[in-house]
file protein.pdb (PDB, C-alpha atoms)
ATOM      1  CA  MET F 280      88.586 107.273 126.240  1.00  0.00           C
ATOM      2  CA  LYS F 281      87.900 107.282 129.974  1.00  0.00           C
ATOM      3  CA  ILE F 282      85.150 109.835 129.430  1.00  0.00           C
ATOM      4  CA  PHE F 283      83.429 107.677 126.837  1.00  0.00           C
ATOM      5  CA  GLU F 284      83.842 104.505 128.882  1.00  0.00           C
ATOM      6  CA  ALA F 285      82.355 106.207 131.924  1.00  0.00           C
ATOM      7  CA  TYR F 286      79.453 107.645 129.958  1.00  0.00           C
ATOM      8  CA  ASP F 287      78.724 104.359 128.160  1.00  0.00           C
ATOM      9  CA  LEU F 288      78.646 102.673 131.545  1.00  0.00           C
ATOM     10  CA  THR F 289      76.423 105.161 133.393  1.00  0.00           C
ATOM     11  CA  LYS F 290      74.624 106.961 130.535  1.00  0.00           C
ATOM     12  CA  THR F 291      74.633 110.164 132.594  1.00  0.00           C
ATOM     13  CA  ILE F 292      76.815 113.241 132.213  1.00  0.00           C
ATOM     14  CA  HIS F 293      77.217 113.883 135.943  1.00  0.00           C
ATOM     15  CA  SER F 294      78.175 110.301 136.852  1.00  0.00           C
ATOM     16  CA  ALA F 295      80.577 110.050 133.891  1.00  0.00           C
ATOM     17  CA  ALA F 296      82.257 113.272 135.018  1.00  0.00           C
ATOM     18  CA  GLN F 297      82.745 111.887 138.538  1.00  0.00           C
ATOM     19  CA  LEU F 298      84.150 108.573 137.296  1.00  0.00           C
ATOM     20  CA  SER F 299      86.513 110.103 134.748  1.00  0.00           C
ATOM     21  CA  GLY F 300      87.511 113.123 136.831  1.00  0.00           C
ATOM     22  CA  ALA F 301      86.549 115.515 134.042  1.00  0.00           C
ATOM     23  CA  ASP F 302      84.360 118.568 134.097  1.00  0.00           C
ATOM     24  CA  PRO F 303      80.687 117.848 133.306  1.00  0.00           C
ATOM     25  CA  LYS F 304      80.759 120.443 130.522  1.00  0.00           C
ATOM     26  CA  THR F 305      83.704 118.651 128.930  1.00  0.00           C
ATOM     27  CA  VAL F 306      81.911 115.317 129.148  1.00  0.00           C
ATOM     28  CA  LYS F 307      78.787 116.801 127.589  1.00  0.00           C
ATOM     29  CA  ARG F 308      80.757 118.373 124.746  1.00  0.00           C
ATOM     30  CA  TYR F 309      82.604 115.129 123.983  1.00  0.00           C
ATOM     31  CA  VAL F 310      79.421 113.088 124.015  1.00  0.00           C
ATOM     32  CA  GLU F 311      77.598 115.525 121.744  1.00  0.00           C
ATOM     33  CA  LEU F 312      80.462 115.565 119.259  1.00  0.00           C
ATOM     34  CA  ARG F 313      80.554 111.776 119.161  1.00  0.00           C
ATOM     35  CA  GLN F 314      76.815 111.632 118.550  1.00  0.00           C
ATOM     36  CA  LEU F 315      77.282 113.979 115.593  1.00  0.00           C
ATOM     37  CA  GLY F 316      79.966 111.688 114.167  1.00  0.00           C
ATOM     38  CA  LEU F 317      82.749 114.174 114.833  1.00  0.00           C
ATOM     39  CA  ASN F 318      86.142 113.555 116.401  1.00  0.00           C
ATOM     40  CA  PRO F 319      86.253 115.323 119.776  1.00  0.00           C
ATOM     41  CA  TYR F 320      90.052 115.193 119.761  1.00  0.00           C
ATOM     42  CA  GLU F 321      90.319 117.287 116.609  1.00  0.00           C
ATOM     43  CA  ARG F 322      90.197 120.994 117.055  1.00  0.00           C
ATOM     44  CA  ALA F 323      88.001 122.833 114.627  1.00  0.00           C
ATOM     45  CA  ALA F 324      89.915 125.069 112.252  1.00  0.00           C
ATOM     46  CA  ARG F 325      89.592 128.646 113.323  1.00  0.00           C
ATOM     47  CA  PRO F 326      88.638 131.091 110.581  1.00  0.00           C
ATOM     48  CA  LYS F 327      91.516 133.240 109.374  1.00  0.00           C
ATOM     49  CA  LEU F 328      91.602 136.649 107.758  1.00  0.00           C
ATOM     50  CA  ILE F 329      93.371 135.127 104.745  1.00  0.00           C
ATOM     51  CA  ASP F 330      90.633 132.556 104.056  1.00  0.00           C
ATOM     52  CA  PRO F 331      88.444 134.709 101.779  1.00  0.00           C
ATOM     53  CA  PHE F 332      91.499 135.527  99.648  1.00  0.00           C
ATOM     54  CA  LEU F 333      92.922 132.018  99.201  1.00  0.00           C
ATOM     55  CA  GLU F 334      91.187 131.462  95.882  1.00  0.00           C
ATOM     56  CA  LYS F 335      92.684 134.688  94.537  1.00  0.00           C
ATOM     57  CA  ILE F 336      96.162 133.685  95.743  1.00  0.00           C
ATOM     58  CA  GLU F 337      95.804 130.339  93.939  1.00  0.00           C
ATOM     59  CA  GLU F 338      94.762 132.215  90.812  1.00  0.00           C
ATOM     60  CA  TRP F 339      97.893 134.388  90.958  1.00  0.00           C
ATOM     61  CA  VAL F 340     100.117 131.375  91.543  1.00  0.00           C
ATOM     62  CA  GLU F 341      98.528 129.586  88.594  1.00  0.00           C
ATOM     63  CA  ALA F 342      98.876 132.580  86.277  1.00  0.00           C
ATOM     64  CA  SER F 343     102.493 133.257  87.271  1.00  0.00           C
ATOM     65  CA  LYS F 344     103.459 129.554  87.263  1.00  0.00           C
ATOM     66  CA  ALA F 345     104.433 129.886  90.937  1.00  0.00           C
ATOM     67  CA  LYS F 346     106.704 132.875  90.241  1.00  0.00           C
ATOM     68  CA  ILE F 347     104.788 135.524  92.165  1.00  0.00           C
ATOM     69  CA  ARG F 348     106.481 136.781  95.343  1.00  0.00           C
ATOM     70  CA  ALA F 349     104.675 136.832  98.659  1.00  0.00           C
ATOM     71  CA  ASP F 350     105.285 140.565  99.169  1.00  0.00           C
ATOM     72  CA  VAL F 351     103.781 141.350  95.766  1.00  0.00           C
ATOM     73  CA  ALA F 352     100.762 139.220  96.586  1.00  0.00           C
ATOM     74  CA  HIS F 353     100.447 140.940  99.958  1.00  0.00           C
ATOM     75  CA  ASP F 354     100.355 144.399  98.372  1.00  0.00           C
ATOM     76  CA  LYS F 355      97.629 143.217  96.011  1.00  0.00           C
ATOM     77  CA  LEU F 356      95.636 141.796  98.891  1.00  0.00           C
ATOM     78  CA  ILE F 357      95.915 145.015 100.888  1.00  0.00           C
ATOM     79  CA  ALA F 358      94.385 146.854  97.948  1.00  0.00           C
ATOM     80  CA  MET F 359      91.547 144.325  98.003  1.00  0.00           C
ATOM     81  CA  GLY F 360      90.780 144.974 101.668  1.00  0.00           C
ATOM     82  CA  TYR F 361      92.927 142.337 103.361  1.00  0.00           C
ATOM     83  CA  ARG F 362      93.960 143.320 106.883  1.00  0.00           C
ATOM     84  CA  GLY F 363      96.099 140.356 107.857  1.00  0.00           C
ATOM     85  CA  SER F 364      99.830 140.167 108.430  1.00  0.00           C
ATOM     86  CA  PRO F 365     102.542 139.633 105.791  1.00  0.00           C
ATOM     87  CA  ARG F 366     103.474 136.392 107.571  1.00  0.00           C
ATOM     88  CA  SER F 367     100.020 134.940 106.937  1.00  0.00           C
ATOM     89  CA  THR F 368     100.258 135.986 103.307  1.00  0.00           C
ATOM     90  CA  ARG F 369     103.677 134.375 102.959  1.00  0.00           C
ATOM     91  CA  ARG F 370     102.420 131.092 104.421  1.00  0.00           C
ATOM     92  CA  ALA F 371      99.401 131.083 102.139  1.00  0.00           C
ATOM     93  CA  VAL F 372     101.500 131.830  99.048  1.00  0.00           C
ATOM     94  CA  ASN F 373     104.032 129.139  99.936  1.00  0.00           C
ATOM     95  CA  ALA F 374     101.252 126.603 100.457  1.00  0.00           C
ATOM     96  CA  ALA F 375      99.661 127.526  97.122  1.00  0.00           C
ATOM     97  CA  LYS F 376     103.009 127.220  95.345  1.00  0.00           C
ATOM     98  CA  ALA F 377     103.669 123.819  96.906  1.00  0.00           C
ATOM     99  CA  ALA F 378     100.249 122.593  95.806  1.00  0.00           C
ATOM    100  CA  TRP F 379     100.784 123.978  92.306  1.00  0.00           C
ATOM    101  CA  ARG F 380     104.159 122.317  91.924  1.00  0.00           C
ATOM    102  CA  ALA F 381     102.912 119.025  93.321  1.00  0.00           C
ATOM    103  CA  GLY F 382     100.178 118.948  90.713  1.00  0.00           C
ATOM    104  CA  ARG F 383     102.397 119.832  87.767  1.00  0.00           C
ATOM    105  CA  ARG F 384     105.840 118.509  88.561  1.00  0.00           C
ATOM    106  CA  ARG F 385     106.816 115.139  87.215  1.00  0.00           C
ATOM    107  CA  THR F 386     107.526 112.962  90.213  1.00  0.00           C
ATOM    108  CA  TYR F 387     109.802 109.947  90.248  1.00  0.00           C
ATOM    109  CA  ARG F 388     109.045 107.235  92.761  1.00  0.00           C
ATOM    110  CA  PRO F 389     110.995 104.083  93.515  1.00  0.00           C
ATOM    111  CA  TRP F 390     109.932 101.275  91.211  1.00  0.00           C
ATOM    112  CA  ILE F 391     108.819  98.231  93.187  1.00  0.00           C
ATOM    113  CA  PRO F 392     108.476  95.185  90.905  1.00  0.00           C
ATOM    114  CA  GLU F 393     106.326  92.249  91.899  1.00  0.00           C
ATOM    115  CA  PRO F 394     108.125  89.007  92.822  1.00  0.00           C
ATOM    116  CA  GLY F 395     108.596  86.698  89.860  1.00  0.00           C
ATOM    117  CA  MET F 396     107.197  89.177  87.355  1.00  0.00           C
ATOM    118  CA  TRP F 397     110.334  90.886  86.027  1.00  0.00           C
ATOM    119  CA  LEU F 398     113.567  89.486  84.671  1.00  0.00           C
ATOM    120  CA  GLN F 399     116.179  92.043  83.640  1.00  0.00           C
ATOM    121  CA  PHE F 400     119.268  91.492  81.540  1.00  0.00           C
ATOM    122  CA  ASP F 401     122.077  93.570  80.116  1.00  0.00           C
ATOM    123  CA  TRP F 402     125.437  93.167  78.444  1.00  0.00           C
ATOM    124  CA  GLY F 403     128.719  93.819  80.167  1.00  0.00           C
ATOM    125  CA  GLU F 404     132.189  93.900  78.683  1.00  0.00           C
ATOM    126  CA  GLY F 405     134.236  90.863  79.621  1.00  0.00           C
ATOM    127  CA  PRO F 406     137.977  90.264  79.684  1.00  0.00           C
ATOM    128  CA  ARG F 407     139.995  89.954  76.503  1.00  0.00           C
ATOM    129  CA  VAL F 408     140.919  86.390  75.601  1.00  0.00           C
ATOM    130  CA  ASP F 409     143.979  86.118  73.369  1.00  0.00           C
ATOM    131  CA  GLY F 410     143.371  89.710  72.367  1.00  0.00           C
ATOM    132  CA  ARG F 411     139.761  89.014  71.431  1.00  0.00           C
ATOM    133  CA  ARG F 412     136.922  90.983  72.959  1.00  0.00           C
ATOM    134  CA  THR F 413     134.340  89.102  75.040  1.00  0.00           C
ATOM    135  CA  TRP F 414     130.961  89.934  76.527  1.00  0.00           C
ATOM    136  CA  LEU F 415     129.094  88.971  79.678  1.00  0.00           C
ATOM    137  CA  TRP F 416     125.381  88.250  79.637  1.00  0.00           C
ATOM    138  CA  CYS F 417     124.080  89.400  83.033  1.00  0.00           C
ATOM    139  CA  ALA F 418     120.520  88.565  84.091  1.00  0.00           C
ATOM    140  CA  TRP F 419     118.754  88.858  87.415  1.00  0.00           C
ATOM    141  CA  LEU F 420     115.265  88.190  88.725  1.00  0.00           C
ATOM    142  CA  ALA F 421     113.375  90.753  90.808  1.00  0.00           C
ATOM    143  CA  TRP F 422     113.086  89.921  94.536  1.00  0.00           C
ATOM    144  CA  SER F 423     115.708  87.206  94.133  1.00  0.00           C
ATOM    145  CA  LYS F 424     119.420  86.922  94.815  1.00  0.00           C
ATOM    146  CA  PHE F 425     119.696  84.542  91.873  1.00  0.00           C
ATOM    147  CA  ARG F 426     122.007  85.841  89.137  1.00  0.00           C
ATOM    148  CA  VAL F 427     123.028  84.437  85.776  1.00  0.00           C
ATOM    149  CA  VAL F 428     126.305  85.497  84.141  1.00  0.00           C
ATOM    150  CA  ILE F 429     127.268  83.858  80.839  1.00  0.00           C
ATOM    151  CA  PRO F 430     130.492  84.734  78.965  1.00  0.00           C
ATOM    152  CA  VAL F 431     130.048  84.962  75.195  1.00  0.00           C
ATOM    153  CA  TRP F 432     131.977  86.107  72.133  1.00  0.00           C
ATOM    154  CA  ASP F 433     129.371  88.527  70.755  1.00  0.00           C
ATOM    155  CA  CYS F 434     125.971  90.203  71.301  1.00  0.00           C
ATOM    156  CA  THR F 435     124.232  88.985  68.156  1.00  0.00           C
ATOM    157  CA  LEU F 436     120.583  87.933  68.037  1.00  0.00           C
ATOM    158  CA  GLY F 437     121.461  84.252  68.046  1.00  0.00           C
ATOM    159  CA  THR F 438     123.674  84.655  71.112  1.00  0.00           C
ATOM    160  CA  LEU F 439     120.985  86.675  72.898  1.00  0.00           C
ATOM    161  CA  VAL F 440     118.335  84.016  72.302  1.00  0.00           C
ATOM    162  CA  SER F 441     120.695  81.291  73.454  1.00  0.00           C
ATOM    163  CA  CYS F 442     121.527  83.167  76.653  1.00  0.00           C
ATOM    164  CA  LEU F 443     117.868  83.927  77.343  1.00  0.00           C
ATOM    165  CA  ASP F 444     116.954  80.290  76.856  1.00  0.00           C
ATOM    166  CA  SER F 445     119.732  79.159  79.197  1.00  0.00           C
ATOM    167  CA  THR F 446     118.714  81.730  81.807  1.00  0.00           C
ATOM    168  CA  LEU F 447     115.065  80.655  81.858  1.00  0.00           C
ATOM    169  CA  ARG F 448     116.029  77.014  82.136  1.00  0.00           C
ATOM    170  CA  ARG F 449     118.346  77.737  85.061  1.00  0.00           C
ATOM    171  CA  ILE F 450     115.658  79.782  86.775  1.00  0.00           C
ATOM    172  CA  GLY F 451     113.191  76.994  86.191  1.00  0.00           C
ATOM    173  CA  GLY F 452     110.392  79.142  84.791  1.00  0.00           C
ATOM    174  CA  ALA F 453     109.438  82.156  82.722  1.00  0.00           C
ATOM    175  CA  PRO F 454     108.661  85.599  84.218  1.00  0.00           C
ATOM    176  CA  THR F 455     105.853  87.765  82.902  1.00  0.00           C
ATOM    177  CA  TYR F 456     108.184  90.461  81.542  1.00  0.00           C
ATOM    178  CA  VAL F 457     111.786  90.774  80.458  1.00  0.00           C
ATOM    179  CA  LEU F 458     113.293  94.218  80.878  1.00  0.00           C
ATOM    180  CA  THR F 459     116.233  95.410  78.771  1.00  0.00           C
ATOM    181  CA  ASP F 460     117.439  98.362  76.727  1.00  0.00           C
ATOM    182  CA  ASN F 461     116.590  99.113  73.101  1.00  0.00           C
ATOM    183  CA  ALA F 462     119.406  97.350  71.291  1.00  0.00           C
ATOM    184  CA  LYS F 463     118.797  96.525  67.627  1.00  0.00           C
ATOM    185  CA  THR F 464     118.606  92.830  68.477  1.00  0.00           C
ATOM    186  CA  VAL F 465     115.537  93.608  70.629  1.00  0.00           C
ATOM    187  CA  THR F 466     113.967  96.777  69.200  1.00  0.00           C
ATOM    188  CA  SER F 467     113.903  97.251  65.457  1.00  0.00           C
ATOM    189  CA  ASP F 468     112.083 100.601  65.328  1.00  0.00           C
ATOM    190  CA  HIS F 469     110.038 103.200  67.209  1.00  0.00           C
ATOM    191  CA  VAL F 470     106.569 104.356  66.188  1.00  0.00           C
ATOM    192  CA  ALA F 471     105.070 107.340  68.026  1.00  0.00           C
ATOM    193  CA  GLY F 472     107.594 106.808  70.802  1.00  0.00           C
ATOM    194  CA  ILE F 473     106.620 103.150  71.250  1.00  0.00           C
ATOM    195  CA  ALA F 474     109.282 100.504  70.764  1.00  0.00           C
ATOM    196  CA  VAL F 475     108.648  97.932  68.043  1.00  0.00           C
ATOM    197  CA  ARG F 476     110.193  94.617  69.001  1.00  0.00           C
ATOM    198  CA  HIS F 477     112.303  92.673  66.553  1.00  0.00           C
ATOM    199  CA  PRO F 478     110.019  90.000  65.021  1.00  0.00           C
ATOM    200  CA  GLN F 479     112.628  87.289  65.421  1.00  0.00           C
ATOM    201  CA  ILE F 480     113.112  87.981  69.139  1.00  0.00           C
ATOM    202  CA  VAL F 481     109.330  87.955  69.612  1.00  0.00           C
ATOM    203  CA  ALA F 482     109.034  84.588  67.886  1.00  0.00           C
ATOM    204  CA  ALA F 483     112.017  83.207  69.785  1.00  0.00           C
ATOM    205  CA  CYS F 484     110.628  84.351  73.146  1.00  0.00           C
ATOM    206  CA  ARG F 485     107.271  82.733  72.447  1.00  0.00           C
ATOM    207  CA  ARG F 486     108.925  79.450  71.586  1.00  0.00           C
ATOM    208  CA  THR F 487     111.421  79.582  74.452  1.00  0.00           C
ATOM    209  CA  THR F 488     108.815  80.592  77.036  1.00  0.00           C
ATOM    210  CA  SER F 489     106.324  77.890  76.050  1.00  0.00           C
ATOM    211  CA  ASP F 490     109.088  75.288  76.000  1.00  0.00           C
ATOM    212  CA  VAL F 491     110.439  76.265  79.414  1.00  0.00           C
ATOM    213  CA  VAL F 492     107.002  76.476  81.015  1.00  0.00           C
ATOM    214  CA  GLY F 493     106.070  73.112  79.525  1.00  0.00           C
ATOM    215  CA  ARG F 494     109.189  71.500  80.963  1.00  0.00           C
ATOM    216  CA  THR F 495     108.743  72.975  84.459  1.00  0.00           C
ATOM    217  CA  THR F 496     104.984  72.495  84.988  1.00  0.00           C
TER     218      THR F 496
END

call {"tool": "encode", "arguments": {"input": "protein.pdb", "output": "structure tokens"}}
result
Amino acid sequence: MKIFEAYDLTKTIHSAAQLSGADPKTVKRYVELRQLGLNPYERAARPKLIDPFLEKIEEWVEASKAKIRADVAHDKLIAMGYRGSPRSTRRAVNAAKAAWRAGRRRTYRPWIPEPGMWLQFDWGEGPRVDGRRTWLWCAWLAWSKFRVVIPVWDCTLGTLVSCLDSTLRRIGGAPTYVLTDNAKTVTSDHVAGIAVRHPQIVAACRRTTSDVVGRTT
């Protein structure tokens, strides 16, 4: 930066070199690179013996589904006129395999929900009361420490709708989405891998959501 500041101030290579303490040739090279729109701090990639063969290495990796060994690839390259070292071949093969896997492997990234958009609920088993089984409705809102836990006797559709209605009223609004599993009270069928929601839960959610939003706006 001192070189550029000195040159911008004086507009001469020699004076900029004196002010910055750099060699005039260095100043000239930096200024010329900047004028060409290049970064003078980045070193240009030096050509390598392996460069003309990279496309062939990628072809072998693709055909073998990243199973080809570096030594096998090196022997093939030698027969094609390659005169580089096995180490360079190994690096090139490893890089090609990494690129191949990155483009074809299913990646899983942390899911980051937007604030206020997602409400999630699930059922948990509660304590037995006089020998009778109980359930716990557990709901939580993304990006919030607010939790709703409601003890109930069963997990029927009517109980689910009642718990959902109570949860939205306690939250004071309706999120955009509600995330849950595919219980029969929520999902009645699957068509082409897509869940078909139970018509009664859809109707109940429309009514509950509009009622809650109307009361809180």

call {"tool": "residues_around", "arguments": {"input": "protein.pdb", "residues": "stretch 301-304 of chain F", "least_positions_apart": "2", "cutoff": "12 Å", "atoms": "all atoms listed in the file", "output": "list in words"}}
result
Met280, Lys281, Ile282, Phe283, Ala285, Tyr286, Thr291, Ile292, His293, Ser294, Ala295, Ala296, Gln297, Leu298, Ser299, Val306, Lys307, Arg308, Tyr309, Val310 and Glu311 of chain F

call {"tool": "residues_around", "arguments": {"input": "protein.pdb", "residues": "stretch 409-417 of chain F", "least_positions_apart": "3", "cutoff": "9 Å", "atoms": "only C-alpha atoms", "output": "list of chain:residue names"}}
result
F:Gln399, F:Phe400, F:Asp401, F:Trp402, F:Gly403, F:Glu404, F:Gly405, F:Pro406, F:Arg426, F:Val427, F:Val428, F:Ile429, F:Pro430, F:Val431, F:Trp432, F:Asp433, F:Cys434, F:Leu439, F:Cys442, F:Leu443

call {"tool": "resolve_selection", "arguments": {"input": "protein.pdb", "expression": "the PyMOL selection byres ((chain F and resi 454-471) around 6)", "output": "ChimeraX atom specification"}}
result
/F:395-400,436,453,472-477

call {"tool": "axis_aligned_box", "arguments": {"input": "protein.pdb", "around": "stretch 424-433 of chain F", "padding_each_side": "4 Å", "output": "JSON"}}
result
{"center_x": 125.7, "center_y": 86.2, "center_z": 82.8, "size_x": 20.6, "size_y": 12.7, "size_z": 32.1}

call {"tool": "closest_residue", "arguments": {"input": "protein.pdb", "among": "F:Gly437, F:Gly382, F:Gly452, F:Ala371", "to": "F:Glu334", "atoms": "all atoms listed in the file"}}
result
F:Ala371

call {"tool": "closest_residue", "arguments": {"input": "protein.pdb", "among": "F:Ala418, F:Asp444, F:Phe425, F:Gly316", "to": "F:Cys484", "atoms": "all atoms listed in the file"}}
result
F:Asp444

call {"tool": "resolve_selection", "arguments": {"input": "protein.pdb", "expression": "the PyMOL selection byres ((chain F and resi 348) around 12)", "output": "compact mmCIF listing (two decimals) with C-alpha atoms, in the coordinates of the input"}}
result
# COMPACT_ATOMS: atom_id res chain seq x y z
CA ILE F 336 96.16 133.68 95.74
CA TRP F 339 97.89 134.39 90.96
CA VAL F 340 100.12 131.38 91.54
CA SER F 343 102.49 133.26 87.27
CA LYS F 344 103.46 129.55 87.26
CA ALA F 345 104.43 129.89 90.94
CA LYS F 346 106.70 132.88 90.24
CA ILE F 347 104.79 135.52 92.16
CA ALA F 349 104.68 136.83 98.66
CA ASP F 350 105.28 140.56 99.17
CA VAL F 351 103.78 141.35 95.77
CA ALA F 352 100.76 139.22 96.59
CA HIS F 353 100.45 140.94 99.96
CA ASP F 354 100.36 144.40 98.37
CA LYS F 355 97.63 143.22 96.01
CA PRO F 365 102.54 139.63 105.79
CA THR F 368 100.26 135.99 103.31
CA ARG F 369 103.68 134.38 102.96
CA ARG F 370 102.42 131.09 104.42
CA ALA F 371 99.40 131.08 102.14
CA VAL F 372 101.50 131.83 99.05
CA ASN F 373 104.03 129.14 99.94
CA ALA F 375 99.66 127.53 97.12
CA LYS F 376 103.01 127.22 95.34

call {"tool": "atom_distance", "arguments": {"input": "protein.pdb", "atom1": "atom CA of F:Leu328", "atom2": "atom CA of F:Tyr361"}}
result
7.3 Å

call {"tool": "closest_residue", "arguments": {"input": "protein.pdb", "among": "F:Ser441, F:Lys290, F:Arg362, F:Lys327", "to": "F:Ile480", "atoms": "all atoms listed in the file"}}
result
F:Ser441
